[in-house]
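S.K.: Pasting in a structure now, in structure tokens, and then I'll have a few things to ask.
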Amino acid sequence: MDLRQLNEEFEHNRSKLQSFVFRLTANRSDTEDILQETYIKASSKLDTFKGASSLKTWIFSIAANVAKDSLRSKKRWPVNSMDLAKEETLRDPGKYLSQFQTINASPFGAFELREHINFCFTCIGKTLPIDHQVVILLKEVFEFKISEIAEILDKTEGVIKHALLEGRKTMQDVFDHRCSLVNKTGACHQCSELNGIFNPKQNFQEEKLKAGLHNDTGDQSKDQLFDIRTRIAKAVDPFECNGHHLHFFHFEHISEVLTRTT
């Protein structure tokens with residue numbers, strides 16, 4: 001393999017790499033730094049690629065390891081991270097107004113229900129141990145095979161399957177206790193609340209249908225509900241969706257709040 005082949009493959013997968021790293025970091029600046037370091041490491045180690053895996057898998061392996069190194073010293077997000085950010089916003093009218101300025105001034109400040117589901121998927125994913133978070137994303141969102149993830153993380157397939165099982169269970173439990181969108185007993189009403197704030201003229205039930213959620217969705221099993229969420233997450237590019245500026249604002253705000261309070 002030569003540098004031209006690497007450049008072609010890197011560019012071909014750039015949007016997926018960017019999405020993958022951002023879902024791990026929830027930070028635009030960190031994402032760009034990790035992507036740059038990934039490319040530098042890949043180009044400097046071309047002679048170590050022997051073709052045992054696909055070039056895409058090899059590049060994702062480097063990106064995953066660079067991201068893990070970057071995140072290792074940072075705390076996992078608590079399950080109430082969005083609640084903490086909301087409480088801070090209510091105490092700070094300026095921060096509340098900034099959300100509306102983003103909505104009104106940015107062509108990418110829209111609030112859409114399916115995009116918010118993806119936003120929550122990222123937030124709850126950040127409550128996982130980093131290896132579990134990586135496995136969930138690679139398998140559920142980016143559709144890598146177990147054998148490929150084992151190569152990426154240099155683990156056995158048994159370890160990957162266990163991490164996938166544990167990661168899914170943890171996220172399902174958090175969703176089950178917090179998300180009222182598809183589980184009426186959940187404590188978090190952000191989807192309906194934010195829809196009412198940012199889309200006051202839109203009907204919440206209609207927005208649910210647009211997102212592919214039906215009235216009987218809440219009657220499905222935890223596994224089925226998780227699969228619905230991952231299906232929605234797969235369809236949303238965090239850098240290209242209609243509300244990505246609004247999401248960037250919220251992720252940065254959550255990070256600021258967590259830095260001060262945890």
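Going through the structure tokens in order, the chains are called A, B, and so on, while each chain numbers its residues from 1 and the ligands are numbered from 1 in the order shown.
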For Ser70 (chain A), please output as an mmCIF file with C-alpha atoms, in the first residue's frame all residues within 9 Å (counting only C-alpha atoms; exclusion window: fewer than 3 positions along the same chain).
M.R.:
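See out13.cif below for the written result:
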```cif
data_model
loop_
_atom_site.group_PDB
_atom_site.id
_atom_site.type_symbol
_atom_site.label_atom_id
_atom_site.label_comp_id
_atom_site.auth_asym_id
_atom_site.auth_seq_id
_atom_site.Cartn_x
_atom_site.Cartn_y
_atom_site.Cartn_z
ATOM 1 C CA THR A 25 -15.851 12.874 22.474
ATOM 2 C CA ASP A 30 -11.160 17.206 20.048
ATOM 3 C CA ILE A 34 -7.987 13.154 16.844
ATOM 4 C CA ASN A 65 -6.859 4.053 19.999
ATOM 5 C CA VAL A 66 -6.086 7.753 19.598
ATOM 6 C CA ALA A 67 -9.573 8.624 20.899
ATOM 7 C CA SER A 73 -8.006 10.911 31.676
ATOM 8 C CA LYS A 74 -11.534 12.335 31.361
#
```
S.K.: Could you list, as a list in words, every residue within 8 Å of region 112-117 of chain A, counting only C-alpha atoms and ignoring same-chain residues fewer than 5 positions away?
M.R.: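 The filter keeps Cys191, Asn195, Glu207, Lys208, Lys210, Ala211, Arg229, Ile232, Ala233, Val236, Cys241, Asn242 and Gly243 of chain A.
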S.K.: Could you pull the residues within 8 Å of Leu246 (chain A), counting only C-alpha atoms, minus those fewer than 2 positions along the same chain, as a PDB file with N, CA and C atoms, in the first residue's frame?
M.R.:
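Everything below was put into around09.pdb:
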```pdb
ATOM      1  N   GLN A  99     -29.591  29.697  23.309  1.00  0.00           N
ATOM      2  CA  GLN A  99     -30.194  28.600  22.554  1.00  0.00           C
ATOM      3  C   GLN A  99     -31.090  29.140  21.441  1.00  0.00           C
ATOM      4  N   THR A 102     -29.153  30.609  18.595  1.00  0.00           N
ATOM      5  CA  THR A 102     -28.663  29.538  17.717  1.00  0.00           C
ATOM      6  C   THR A 102     -29.769  29.071  16.788  1.00  0.00           C
ATOM      7  N   ILE A 103     -30.959  28.892  17.351  1.00  0.00           N
ATOM      8  CA  ILE A 103     -32.112  28.451  16.559  1.00  0.00           C
ATOM      9  C   ILE A 103     -32.439  29.462  15.462  1.00  0.00           C
ATOM     10  N   PHE A 108     -28.476  25.845  10.609  1.00  0.00           N
ATOM     11  CA  PHE A 108     -28.423  24.484  11.139  1.00  0.00           C
ATOM     12  C   PHE A 108     -28.772  24.473  12.625  1.00  0.00           C
ATOM     13  N   GLY A 109     -29.768  25.282  12.961  1.00  0.00           N
ATOM     14  CA  GLY A 109     -30.193  25.368  14.357  1.00  0.00           C
ATOM     15  C   GLY A 109     -31.562  24.783  14.606  1.00  0.00           C
ATOM     16  N   ALA A 110     -32.056  23.973  13.673  1.00  0.00           N
ATOM     17  CA  ALA A 110     -33.398  23.412  13.812  1.00  0.00           C
ATOM     18  C   ALA A 110     -33.441  22.346  14.901  1.00  0.00           C
ATOM     19  N   PHE A 111     -34.618  22.189  15.494  1.00  0.00           N
ATOM     20  CA  PHE A 111     -34.826  21.079  16.425  1.00  0.00           C
ATOM     21  C   PHE A 111     -35.701  20.045  15.740  1.00  0.00           C
ATOM     22  N   GLY A 243     -29.912  20.216  12.655  1.00  0.00           N
ATOM     23  CA  GLY A 243     -29.738  20.967  13.902  1.00  0.00           C
ATOM     24  C   GLY A 243     -28.368  20.827  14.514  1.00  0.00           C
ATOM     25  N   HIS A 244     -27.329  20.587  13.681  1.00  0.00           N
ATOM     26  CA  HIS A 244     -26.037  20.277  14.304  1.00  0.00           C
ATOM     27  C   HIS A 244     -25.450  21.460  15.077  1.00  0.00           C
ATOM     28  N   PHE A 248     -24.229  21.076  18.867  1.00  0.00           N
ATOM     29  CA  PHE A 248     -22.888  21.473  19.309  1.00  0.00           C
ATOM     30  C   PHE A 248     -22.995  22.393  20.531  1.00  0.00           C
ATOM     31  N   PHE A 249     -23.941  23.317  20.484  1.00  0.00           N
ATOM     32  CA  PHE A 249     -24.150  24.237  21.603  1.00  0.00           C
ATOM     33  C   PHE A 249     -24.460  23.451  22.877  1.00  0.00           C
ATOM     34  N   HIS A 250     -25.368  22.486  22.777  1.00  0.00           N
ATOM     35  CA  HIS A 250     -25.766  21.718  23.957  1.00  0.00           C
ATOM     36  C   HIS A 250     -24.634  20.840  24.469  1.00  0.00           C
TER      37      HIS A 250
END
```
S.K.: Mind checking DSSP for region 134-241 of chain A and telling me the helix (DSSP H, G or I) residues as an MDAnalysis selection string?
M.R.: chainID A and resid 134:141 146:153 157:178 190:198 204:210 217:219 222:234
S.K.: Do you know which residues are at most 12 Å from Asp237 (chain A) counting only C-alpha atoms, after dropping those on the same chain fewer than 6 positions away, and could you put them as a list in words?
M.R.: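 Residues meeting the cut-off are Arg14, Ser15, Lys16, Leu17, Gln18, Ser19, Phe20, Val21, Phe22, Arg23, Arg114, Glu115, His116, Asn118, Phe119, Thr122, Val141, Phe142, Gly243, His244 and His247 of chain A.
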S.K.: Tell me which of A:Leu3, A:Met82, A:Leu90, A:Leu24 sits closest to Ile136 (chain A), counting only C-alpha atoms.
M.R.: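 Going through A:Leu3, A:Met82, A:Leu90, A:Leu24 one by one, the smallest distance to Ile136 (chain A) is for A:Leu24.
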S.K.: Could you check which of A:Glu148, A:Asp227, A:Glu9, A:Glu157 is closest to Met171 (chain A), using only C-alpha atoms?
M.R.: A:Asp227
S.K.: Compile a residue-level contact table for region 94-199 of chain A against region 42-61 of chain A at a cut-off of 10 Å, reporting for every qualifying residue the shortest atom pair and its distance in Å to one decimal, with only C-alpha atoms counted, rows ordered by chain and ascending number, as CSV.
M.R.:
```
residue,atom,partner,partner_atom,distance
A:Leu138,CA,A:Phe60,CA,9.2
A:Phe144,CA,A:Thr57,CA,8.5
A:Ser147,CA,A:Ser53,CA,9.9
A:Glu148,CA,A:Thr57,CA,6.7
A:Ile149,CA,A:Thr57,CA,8.2
A:Ala150,CA,A:Ser61,CA,9.7
A:Glu151,CA,A:Ser61,CA,7.6
A:Ile152,CA,A:Ser61,CA,4.2
A:Leu153,CA,A:Ser61,CA,6.6
A:Asp154,CA,A:Ser61,CA,8.7
```
